[in-house]
Each structure stands twice: as structure tokens, then as C-alpha cells.
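Dropping structure.pdb in here (PDB, C-alpha atoms):
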ATOM      1  CA  MET Z   1      81.471  98.253 121.599
ATOM      2  CA  SER Z   2      80.397  94.684 120.876
ATOM      3  CA  THR Z   3      81.665  92.689 117.921
ATOM      4  CA  GLU Z   4      79.900  89.766 116.389
ATOM      5  CA  SER Z   5      81.908  86.554 116.493
ATOM      6  CA  LYS Z   6      81.722  83.955 113.757
ATOM      7  CA  PRO Z   7      79.583  80.967 114.712
ATOM      8  CA  ALA Z   8      81.550  77.864 115.634
ATOM      9  CA  GLN Z   9      81.771  75.296 112.846
ATOM     10  CA  ARG Z  10      79.879  72.124 113.541
ATOM     11  CA  LYS Z  11      81.914  68.967 113.797
ATOM     12  CA  GLY Z  12      81.620  66.948 110.605
ATOM     13  CA  SER Z  13      80.557  69.936 108.496
ATOM     14  CA  SER Z  14      82.251  71.580 105.538
ATOM     15  CA  PRO Z  15      83.347  75.223 105.417
ATOM     16  CA  PRO Z  16      81.010  76.882 102.897
ATOM     17  CA  GLU Z  17      83.897  78.109 100.759
ATOM     18  CA  ASN Z  18      85.399  74.615 100.341
ATOM     19  CA  CYS Z  19      85.100  72.440  97.273
ATOM     20  CA  ARG Z  20      83.102  69.356  98.267
ATOM     21  CA  PHE Z  21      84.405  66.064  96.862
ATOM     22  CA  ALA Z  22      82.382  62.849  97.265
ATOM     23  CA  ILE Z  23      84.143  59.486  97.350
ATOM     24  CA  PRO Z  24      82.871  55.952  98.093
ATOM     25  CA  LYS Z  25      82.644  55.376 101.843
ATOM     26  CA  LYS Z  26      83.583  51.684 101.909
ATOM     27  CA  GLY Z  27      84.588  48.633  99.907
ATOM     28  CA  ARG Z  28      87.291  47.999  97.332
ATOM     29  CA  LEU Z  29      86.448  51.179  95.443
ATOM     30  CA  ASN Z  30      87.069  53.192  98.615
ATOM     31  CA  GLN Z  31      90.477  51.568  99.079
ATOM     32  CA  LYS Z  32      91.501  52.298  95.492
ATOM     33  CA  VAL Z  33      90.310  55.909  95.669
ATOM     34  CA  VAL Z  34      92.040  56.625  99.001
ATOM     35  CA  GLU Z  35      95.282  55.141  97.646
ATOM     36  CA  MET Z  36      95.008  57.302  94.537
ATOM     37  CA  LEU Z  37      94.283  60.490  96.495
ATOM     38  CA  ASN Z  38      97.247  59.838  98.795
ATOM     39  CA  GLY Z  39      99.450  59.359  95.737
ATOM     40  CA  ALA Z  40      98.089  62.589  94.262
ATOM     41  CA  GLY Z  41      99.084  64.543  97.374
ATOM     42  CA  ILE Z  42      95.582  65.007  98.832
ATOM     43  CA  GLU Z  43      96.212  65.031 102.589
ATOM     44  CA  PHE Z  44      93.327  64.331 104.950
ATOM     45  CA  ARG Z  45      92.420  62.435 108.100
ATOM     46  CA  ARG Z  46      89.035  60.807 108.487
ATOM     47  CA  GLU Z  47      87.832  60.716 112.071
ATOM     48  CA  PRO Z  48      86.154  57.493 113.250
ATOM     49  CA  ARG Z  49      82.402  57.387 112.547
ATOM     50  CA  LEU Z  50      82.504  60.630 110.554
ATOM     51  CA  ASP Z  51      81.759  60.796 106.832
ATOM     52  CA  VAL Z  52      83.361  64.209 106.317
ATOM     53  CA  ALA Z  53      87.092  64.952 106.284
ATOM     54  CA  LEU Z  54      88.830  68.286 105.694
ATOM     55  CA  CYS Z  55      91.878  68.309 103.439
ATOM     56  CA  LYS Z  56      94.972  69.675 105.137
ATOM     57  CA  ASN Z  57      96.623  71.189 102.077
ATOM     58  CA  LEU Z  58      93.722  72.281  99.853
ATOM     59  CA  PRO Z  59      90.398  74.112 100.396
ATOM     60  CA  MET Z  60      88.561  70.838  99.864
ATOM     61  CA  THR Z  61      86.202  68.699 101.940
ATOM     62  CA  LEU Z  62      85.936  64.974 101.334
ATOM     63  CA  VAL Z  63      82.436  63.570 101.759
ATOM     64  CA  PHE Z  64      82.176  59.783 102.142
ATOM     65  CA  LEU Z  65      78.978  58.480 100.534
ATOM     66  CA  PRO Z  66      77.584  55.207  99.178
ATOM     67  CA  ALA Z  67      78.907  54.881  95.631
ATOM     68  CA  ALA Z  68      75.355  54.473  94.322
ATOM     69  CA  ASP Z  69      74.382  57.947  95.620
ATOM     70  CA  ILE Z  70      77.382  59.959  94.439
ATOM     71  CA  ALA Z  71      76.217  60.704  90.898
ATOM     72  CA  LYS Z  72      72.958  62.223  92.158
ATOM     73  CA  TYR Z  73      74.747  64.347  94.762
ATOM     74  CA  VAL Z  74      77.078  65.692  92.065
ATOM     75  CA  GLY Z  75      74.313  66.198  89.508
ATOM     76  CA  GLU Z  76      72.115  68.087  91.962
ATOM     77  CA  GLY Z  77      74.986  70.297  93.121
ATOM     78  CA  ASN Z  78      75.140  69.016  96.712
ATOM     79  CA  VAL Z  79      78.824  68.308  96.091
ATOM     80  CA  ASP Z  80      81.132  69.745  93.443
ATOM     81  CA  MET Z  81      82.739  66.547  92.214
ATOM     82  CA  GLY Z  82      82.899  62.861  92.965
ATOM     83  CA  ILE Z  83      84.223  59.441  92.062
ATOM     84  CA  THR Z  84      81.861  56.594  91.208
ATOM     85  CA  GLY Z  85      81.234  54.077  88.449
ATOM     86  CA  LEU Z  86      80.097  54.977  84.959
ATOM     87  CA  ASP Z  87      77.250  52.499  85.530
ATOM     88  CA  VAL Z  88      76.035  54.543  88.515
ATOM     89  CA  VAL Z  89      76.103  57.763  86.488
ATOM     90  CA  ARG Z  90      74.102  56.199  83.659
ATOM     91  CA  GLU Z  91      71.634  54.581  86.072
ATOM     92  CA  SER Z  92      71.129  57.861  87.965
ATOM     93  CA  MET Z  93      70.287  59.688  84.704
ATOM     94  CA  VAL Z  94      71.984  62.906  85.807
ATOM     95  CA  ASP Z  95      73.781  65.500  83.715
ATOM     96  CA  VAL Z  96      77.356  65.746  84.973
ATOM     97  CA  ASP Z  97      80.763  66.540  83.515
ATOM     98  CA  HIS Z  98      82.650  63.285  82.846
ATOM     99  CA  VAL Z  99      86.095  64.639  83.761
ATOM    100  CA  MET Z 100      88.218  61.506  83.301
ATOM    101  CA  ASP Z 101      88.368  57.719  83.452
ATOM    102  CA  LEU Z 102      90.405  56.371  86.369
ATOM    103  CA  GLY Z 103      91.396  52.948  85.072
ATOM    104  CA  PHE Z 104      90.203  50.807  87.980
ATOM    105  CA  GLY Z 105      86.949  49.184  89.047
ATOM    106  CA  LYS Z 106      86.531  47.845  85.526
ATOM    107  CA  CYS Z 107      83.652  45.440  84.945
ATOM    108  CA  LYS Z 108      80.638  44.892  82.691
ATOM    109  CA  LEU Z 109      76.916  45.195  83.252
ATOM    110  CA  CYS Z 110      75.481  42.055  81.704
ATOM    111  CA  VAL Z 111      72.276  40.163  81.135
ATOM    112  CA  GLN Z 112      72.758  36.797  82.850
ATOM    113  CA  ALA Z 113      70.589  33.688  82.664
ATOM    114  CA  PRO Z 114      70.790  30.136  84.097
ATOM    115  CA  VAL Z 115      73.251  27.957  82.211
ATOM    116  CA  VAL Z 116      70.712  25.117  82.115
ATOM    117  CA  ASP Z 117      68.269  27.277  80.132
ATOM    118  CA  GLY Z 118      70.683  27.580  77.200
ATOM    119  CA  ILE Z 119      69.638  31.163  76.354
ATOM    120  CA  THR Z 120      71.937  32.658  73.727
ATOM    121  CA  GLU Z 121      70.386  36.089  73.101
ATOM    122  CA  ALA Z 122      68.654  38.694  75.255
ATOM    123  CA  LYS Z 123      65.766  38.868  72.799
ATOM    124  CA  ALA Z 124      64.577  35.506  74.124
ATOM    125  CA  LEU Z 125      64.146  37.058  77.581
ATOM    126  CA  ALA Z 126      61.972  39.970  76.430
ATOM    127  CA  GLY Z 127      58.604  39.742  78.148
ATOM    128  CA  GLY Z 128      60.069  37.753  81.021
ATOM    129  CA  ARG Z 129      61.014  38.595  84.591
ATOM    130  CA  ILE Z 130      64.293  40.425  85.211
ATOM    131  CA  VAL Z 131      65.761  41.207  88.630
ATOM    132  CA  THR Z 132      68.469  43.875  88.929
ATOM    133  CA  SER Z 133      70.020  46.697  90.918
ATOM    134  CA  PHE Z 134      70.014  48.769  87.709
ATOM    135  CA  PRO Z 135      66.328  49.129  86.753
ATOM    136  CA  GLU Z 136      66.713  52.199  84.507
ATOM    137  CA  LEU Z 137      69.533  50.760  82.417
ATOM    138  CA  THR Z 138      67.711  47.442  82.245
ATOM    139  CA  LYS Z 139      64.462  49.067  81.043
ATOM    140  CA  GLN Z 140      66.403  51.059  78.437
ATOM    141  CA  PHE Z 141      68.075  47.884  77.191
ATOM    142  CA  PHE Z 142      64.900  45.811  76.935
ATOM    143  CA  LYS Z 143      62.675  48.591  75.526
ATOM    144  CA  PRO Z 144      63.547  48.025  71.834
ATOM    145  CA  LEU Z 145      63.356  44.250  72.322
ATOM    146  CA  ASP Z 146      59.915  44.608  73.895
ATOM    147  CA  GLU Z 147      58.719  46.850  71.062
ATOM    148  CA  GLU Z 148      59.964  44.361  68.501
ATOM    149  CA  LYS Z 149      58.109  41.450  70.118
ATOM    150  CA  GLY Z 150      55.090  43.438  71.370
ATOM    151  CA  VAL Z 151      55.634  42.411  74.991
ATOM    152  CA  THR Z 152      56.520  44.081  78.299
ATOM    153  CA  THR Z 153      59.489  42.882  80.328
ATOM    154  CA  SER Z 154      58.969  42.934  84.095
ATOM    155  CA  VAL Z 155      61.944  44.631  85.774
ATOM    156  CA  LYS Z 156      62.162  44.269  89.546
ATOM    157  CA  PHE Z 157      64.663  46.188  91.680
ATOM    158  CA  VAL Z 158      66.669  44.534  94.456
ATOM    159  CA  SER Z 159      69.562  46.160  96.277
ATOM    160  CA  GLY Z 160      71.783  43.100  96.625
ATOM    161  CA  SER Z 161      72.263  39.353  96.066
ATOM    162  CA  VAL Z 162      70.868  39.745  92.570
ATOM    163  CA  GLU Z 163      72.447  36.501  91.409
ATOM    164  CA  ALA Z 164      70.224  34.467  93.778
ATOM    165  CA  ALA Z 165      66.971  35.540  92.086
ATOM    166  CA  CYS Z 166      66.937  32.875  89.369
ATOM    167  CA  GLY Z 167      67.705  30.044  91.772
ATOM    168  CA  LEU Z 168      64.852  31.163  94.020
ATOM    169  CA  GLY Z 169      62.429  31.244  91.111
ATOM    170  CA  LEU Z 170      62.000  35.021  91.310
ATOM    171  CA  ALA Z 171      63.375  35.803  87.851
ATOM    172  CA  ASP Z 172      64.045  34.339  84.430
ATOM    173  CA  ALA Z 173      67.289  36.297  84.244
ATOM    174  CA  VAL Z 174      69.211  39.039  86.045
ATOM    175  CA  VAL Z 175      71.141  42.133  85.048
ATOM    176  CA  ASP Z 176      74.216  42.577  87.206
ATOM    177  CA  LEU Z 177      77.859  43.613  87.182
ATOM    178  CA  VAL Z 178      80.453  41.011  86.225
ATOM    179  CA  GLU Z 179      84.114  41.471  87.124
ATOM    180  CA  THR Z 180      85.744  38.039  87.299
ATOM    181  CA  GLY Z 181      82.559  35.992  86.870
ATOM    182  CA  THR Z 182      83.191  33.867  89.972
ATOM    183  CA  THR Z 183      79.939  34.820  91.729
ATOM    184  CA  MET Z 184      77.980  34.457  88.507
ATOM    185  CA  ARG Z 185      79.277  30.944  87.806
ATOM    186  CA  ALA Z 186      78.760  29.875  91.423
ATOM    187  CA  ALA Z 187      75.077  30.806  91.016
ATOM    188  CA  GLY Z 188      74.817  28.719  87.840
ATOM    189  CA  LEU Z 189      74.515  31.759  85.567
ATOM    190  CA  GLU Z 190      76.192  32.771  82.335
ATOM    191  CA  VAL Z 191      76.430  36.000  80.334
ATOM    192  CA  VAL Z 192      73.824  36.304  77.609
ATOM    193  CA  GLU Z 193      74.656  39.834  76.480
ATOM    194  CA  ASP Z 194      76.721  42.836  77.595
ATOM    195  CA  ILE Z 195      74.898  46.096  78.296
ATOM    196  CA  LEU Z 196      77.681  48.427  79.409
ATOM    197  CA  SER Z 197      81.429  48.418  80.055
ATOM    198  CA  THR Z 198      82.122  50.472  83.162
ATOM    199  CA  GLU Z 199      84.922  51.684  85.418
ATOM    200  CA  ALA Z 200      85.498  54.302  88.100
ATOM    201  CA  ILE Z 201      85.342  57.862  86.764
ATOM    202  CA  LEU Z 202      85.826  61.391  88.085
ATOM    203  CA  ILE Z 203      82.739  63.544  87.593
ATOM    204  CA  ALA Z 204      81.961  67.186  88.358
ATOM    205  CA  ASN Z 205      78.853  69.335  88.618
ATOM    206  CA  ASN Z 206      78.407  71.393  85.448
ATOM    207  CA  HIS Z 207      77.816  74.568  87.454
ATOM    208  CA  SER Z 208      80.490  74.187  90.128
ATOM    209  CA  THR Z 209      82.358  77.348  91.086
ATOM    210  CA  HIS Z 210      85.462  75.274  91.874
ATOM    211  CA  THR Z 211      86.590  74.442  88.346
ATOM    212  CA  ASP Z 212      90.161  75.394  89.296
ATOM    213  CA  LEU Z 213      90.277  72.644  91.917
ATOM    214  CA  VAL Z 214      88.615  70.164  89.546
ATOM    215  CA  ASP Z 215      91.346  70.892  86.979
ATOM    216  CA  LEU Z 216      94.068  70.653  89.635
ATOM    217  CA  LEU Z 217      92.795  67.309  90.880
ATOM    218  CA  LYS Z 218      92.548  65.987  87.331
ATOM    219  CA  SER Z 219      96.172  66.977  86.669
ATOM    220  CA  ARG Z 220      97.361  65.341  89.884
ATOM    221  CA  ILE Z 221      95.445  62.132  89.257
ATOM    222  CA  GLU Z 222      96.740  61.926  85.683
ATOM    223  CA  GLY Z 223     100.273  62.256  87.055
ATOM    224  CA  PHE Z 224      99.691  59.537  89.618
ATOM    225  CA  ILE Z 225      98.151  57.164  87.057
ATOM    226  CA  THR Z 226     101.103  57.682  84.712
ATOM    227  CA  ALA Z 227     103.537  57.003  87.561
ATOM    228  CA  ARG Z 228     101.751  53.745  88.386
ATOM    229  CA  LYS Z 229     101.791  52.547  84.772
ATOM    230  CA  TYR Z 230     105.344  53.480  83.791
ATOM    231  CA  VAL Z 231     108.959  53.146  84.952
ATOM    232  CA  MET Z 232     111.985  55.091  83.780
ATOM    233  CA  VAL Z 233     114.514  52.993  81.882
ATOM    234  CA  MET Z 234     118.032  54.427  81.607
ATOM    235  CA  TYR Z 235     120.915  52.957  79.646
ATOM    236  CA  ASN Z 236     124.059  53.724  77.630
ATOM    237  CA  VAL Z 237     124.335  52.750  74.001
ATOM    238  CA  SER Z 238     126.739  53.214  71.103
ATOM    239  CA  ALA Z 239     125.895  56.179  68.909
ATOM    240  CA  SER Z 240     125.743  53.831  65.944
ATOM    241  CA  LEU Z 241     122.972  51.828  67.654
ATOM    242  CA  LEU Z 242     121.040  54.816  69.006
ATOM    243  CA  GLU Z 243     118.300  54.770  66.370
ATOM    244  CA  LYS Z 244     117.563  51.073  66.915
ATOM    245  CA  ALA Z 245     117.622  51.527  70.700
ATOM    246  CA  CYS Z 246     115.125  54.377  70.502
ATOM    247  CA  GLN Z 247     112.831  52.180  68.438
ATOM    248  CA  ILE Z 248     112.791  49.751  71.381
ATOM    249  CA  THR Z 249     112.168  52.531  73.925
ATOM    250  CA  PRO Z 250     110.321  55.353  72.128
ATOM    251  CA  GLY Z 251     108.873  56.741  75.405
ATOM    252  CA  LYS Z 252     105.515  58.510  75.721
ATOM    253  CA  ARG Z 253     106.617  61.251  73.327
ATOM    254  CA  SER Z 254     110.315  60.633  72.693
ATOM    255  CA  PRO Z 255     113.319  59.445  74.723
ATOM    256  CA  THR Z 256     115.787  61.837  76.317
ATOM    257  CA  VAL Z 257     119.259  61.456  74.778
ATOM    258  CA  THR Z 258     122.415  62.895  76.339
ATOM    259  CA  SER Z 259     125.972  62.846  75.001
ATOM    260  CA  LEU Z 260     128.633  61.225  77.187
ATOM    261  CA  ASP Z 261     132.258  62.288  77.545
ATOM    262  CA  ASP Z 262     133.041  59.342  75.329
ATOM    263  CA  GLY Z 263     131.661  60.735  72.098
ATOM    264  CA  ASN Z 264     130.937  57.250  70.790
ATOM    265  CA  TYR Z 265     128.209  56.637  73.381
ATOM    266  CA  LYS Z 266     124.874  58.165  74.319
ATOM    267  CA  ALA Z 267     122.876  58.042  77.562
ATOM    268  CA  VAL Z 268     119.154  57.397  77.010
ATOM    269  CA  SER Z 269     116.226  57.804  79.411
ATOM    270  CA  SER Z 270     112.748  56.684  78.417
ATOM    271  CA  LEU Z 271     109.393  55.886  79.977
ATOM    272  CA  VAL Z 272     108.403  52.250  79.534
ATOM    273  CA  LEU Z 273     105.204  50.492  80.556
ATOM    274  CA  LYS Z 274     105.782  48.337  83.630
ATOM    275  CA  SER Z 275     104.163  45.414  81.873
ATOM    276  CA  GLU Z 276     106.773  45.610  79.093
ATOM    277  CA  VAL Z 277     109.940  46.514  80.999
ATOM    278  CA  SER Z 278     111.507  43.038  81.267
ATOM    279  CA  ASP Z 279     111.109  42.371  77.543
ATOM    280  CA  LYS Z 280     112.497  45.827  76.708
ATOM    281  CA  MET Z 281     115.554  45.244  78.917
ATOM    282  CA  ASP Z 282     116.209  41.911  77.176
ATOM    283  CA  MET Z 283     115.964  43.567  73.768
ATOM    284  CA  LEU Z 284     118.296  46.405  74.768
ATOM    285  CA  GLN Z 285     120.869  44.012  76.159
ATOM    286  CA  GLU Z 286     120.721  41.895  73.015
ATOM    287  CA  LEU Z 287     121.191  45.054  70.934
ATOM    288  CA  GLY Z 288     124.332  45.961  72.861
ATOM    289  CA  ALA Z 289     123.134  48.581  75.354
ATOM    290  CA  THR Z 290     124.911  48.627  78.727
ATOM    291  CA  ASP Z 291     124.334  49.911  82.265
ATOM    292  CA  ILE Z 292     120.577  49.339  81.944
ATOM    293  CA  LEU Z 293     118.713  50.629  84.990
ATOM    294  CA  VAL Z 294     115.037  50.759  85.922
ATOM    295  CA  VAL Z 295     113.773  53.504  88.245
ATOM    296  CA  ASP Z 296     110.311  53.580  89.830
ATOM    297  CA  ILE Z 297     108.283  56.798  89.481
ATOM    298  CA  THR Z 298     106.308  57.974  92.521
ATOM    299  CA  ASN Z 299     104.524  60.832  90.749
ATOM    300  CA  SER Z 300     104.632  62.823  87.524
ATOM    301  CA  ARG Z 301     103.279  65.687  85.463
ATOM    302  CA  MET Z 302     103.149  65.178  81.713
TER     303      MET Z 302
END
So that I can check it, write out the structure of this file as C-alpha cells.
Amino acid sequence: MSTESKPAQRKGSSPPENCRFAIPKKGRLNQKVVEMLNGAGIEFRREPRLDVALCKNLPMTLVFLPAADIAKYVGEGNVDMGITGLDVVRESMVDVDHVMDLGFGKCKLCVQAPVVDGITEAKALAGGRIVTSFPELTKQFFKPLDEEKGVTTSVKFVSGSVEAACGLGLADAVVDLVETGTTMRAAGLEVVEDILSTEAILIANNHSTHTDLVDLLKSRIEGFITARKYVMVMYNVSASLLEKACQITPGKRSPTVTSLDDGNYKAVSSLVLKSEVSDKMDMLQELGATDILVVDITNSRM
């Protein structure tokens, strides 16, 4: 009696039952995302030259894609969720679930013009030539300005080196992302007007059948982000100074207070932002707290 065997899985493919998760395949965004996923306990190994990796500890397949394509893949249901910039989602004009902001990759999409032209408002550029990698967002931005002036702004798409367009005489202005402004200033450009503030976000398909894994990943990422932002500060303080000490270290919700064998003292543990920890320690010491310790957090659930 013959039995049918399951067909062998192709190398670089995803098991059909897996949740498919798209992440940027290269660049600084890729590095940040991989670091975050490792911190969130997502275990995987990406084989050389392959853009698909199976997670070892979850029924999830990572798909490495250009960041500019991820929103469309998620919106069309080719993958269940993904990480890309808010700017990409808006430019792609897809309907997806904005699950959470991730706090990195922050920058602004701006109208930029040559410094020598002295342009102070985008309205002055309406009817001119604009070069950008974000044609849809650019057209949306200039539409009301065009209607007001009765003109039509020419928007030309280029995939890279947008900042060179003005210097080459191809554009009157550009619309591009600005993070530090170094590239913009080197090209002799300045910001005329902001269009959109953006950062990396987690998105999901509205009809995904893997909402449980989307929720799990969100919880893990939130825990990792909290751990990166906070440290645990522990100290002992006189019971008479406890109220003032807790005002210095109120924690995310409230500090944890424990009685010591010496009834005159309390042990306090509290989450403190890393950026504020040195100042908080100085304030506690000045108040009279002792045995002040700072402990790094590798992960959390709040």
C-alpha cells in the first residue's frame, strides 16, 4: 500500500503555516531591526545570499526586503507584518495596521531648496520643478499650493542622489529625508518646510490570521525598548525621607518600597531613564540616601 509523502520544502521558502515578517534587507535600519529582534528573543540565522530565514523558536519566517517595498507587501497580504518607515507607508498609500512606533530611524521629509535662492516658504516653489523619491507625498503636499496659485508643480521621481538635482539644474527644489542635515548642507540646500516626521514602525496586514504572533512580537519589542531606555536604581533611605526620595525616583508607575530590619530605613527600587540616572543619583545622595546602585535591564515586560 503506497503512501503519499509530503513534498520537500524548497530552500529559501516559508512553510505555509508560518507568520511571514518582512524586515529591511540592508543598511542602518537593518542593523537596528536585527539588534532589536535579537533583544526580543527572536532567534534566526540568515544564510548567505538568501533573503528568507526561519525563526528557531517561533512559527515565523523572516523575509528580507528593500525597505521601500515592505509596506506594499504587507498591505497586499504577501507578508503578515513588517518593519519600515512611516514615510514609506504613507508614500505606498496602503491600508495597514500601524501596530507601534519603534523609536529609531527618526527623520523628517522636507522641502529643500538652494541656500542661494533664499526661498522661505514652499508656496514660492509651486509651479516649479521638484525632484524626489517620494512623488505621492510630494504631489499631496503641493496640490493645495498649486490650486491656490492656479499652477501645476512638476514632480519627477528619482531613486537616489536626490540632493544633486538642484546643482545639476534638474530641479528648483527637492523633497527628501533629513536626519542630521549633513548631506543637505553639503549640497548647498536648506529646509524650506517640513512635510512629515517619520520613524521606523511595526505594521501588520489588516486581515492576517497571525494576530497572536503580532501581539506577541509587539509585547516583546515593547519590553526590549523599555529595557534600553531605563535602568533600575536601588537605594536605602531613612523612613523620614522616603516621600522626598520617591519624588526624585517615581518610577514608571511607582517605586517598590521594602522595609529593612532596621525599622528606621526603607529599601527602594525604581526605574529611571538612562539619560537622567546620574542627576537622580546626585539628588538622592544629597538627600541622604545610601547604598545607591544602578542595575542594567536586559529585557522587561510591563
- At what distance in Å, to one decimal, does CA of Ser161 in chain Z lie from CA of Ala186 in chain Z?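 Going from CA of Ala186 in chain Z over to CA of Ser161 in chain Z covers 12.4 Å.
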- Query: Given the file above and the PyMOL selection byres ((chain Z and resi 109) around 8), which residues are selected, and can you give them as JSON, numbers by chain?
  - Reply: {"Z": [87, 107, 108, 110, 111, 175, 176, 177, 178, 194, 195, 196, 197, 198]}
- Message: Would you compute the distance between CA of Val294 in chain Z and CA of Asn38 in chain Z? Give it in Å to one decimal.
- Response: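 Between CA of Val294 in chain Z and CA of Asn38 in chain Z the gap works out to 23.8 Å.
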- Task: Please indicate the distance in Å from CA of Asp146 in chain Z to CA of Val158 in chain Z, rounded to one decimal place.
- Result: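 Here the two named atoms are 21.6 Å from each other.
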- Query: Nearest to Ile130 in chain Z among Z:Lys156, Z:Lys56, Z:Lys149, Z:His98, with distances taken over all atoms listed in the file: which residue is it?
  - Reply: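 Smallest distance to Ile130 in chain Z is found for Z:Lys156.
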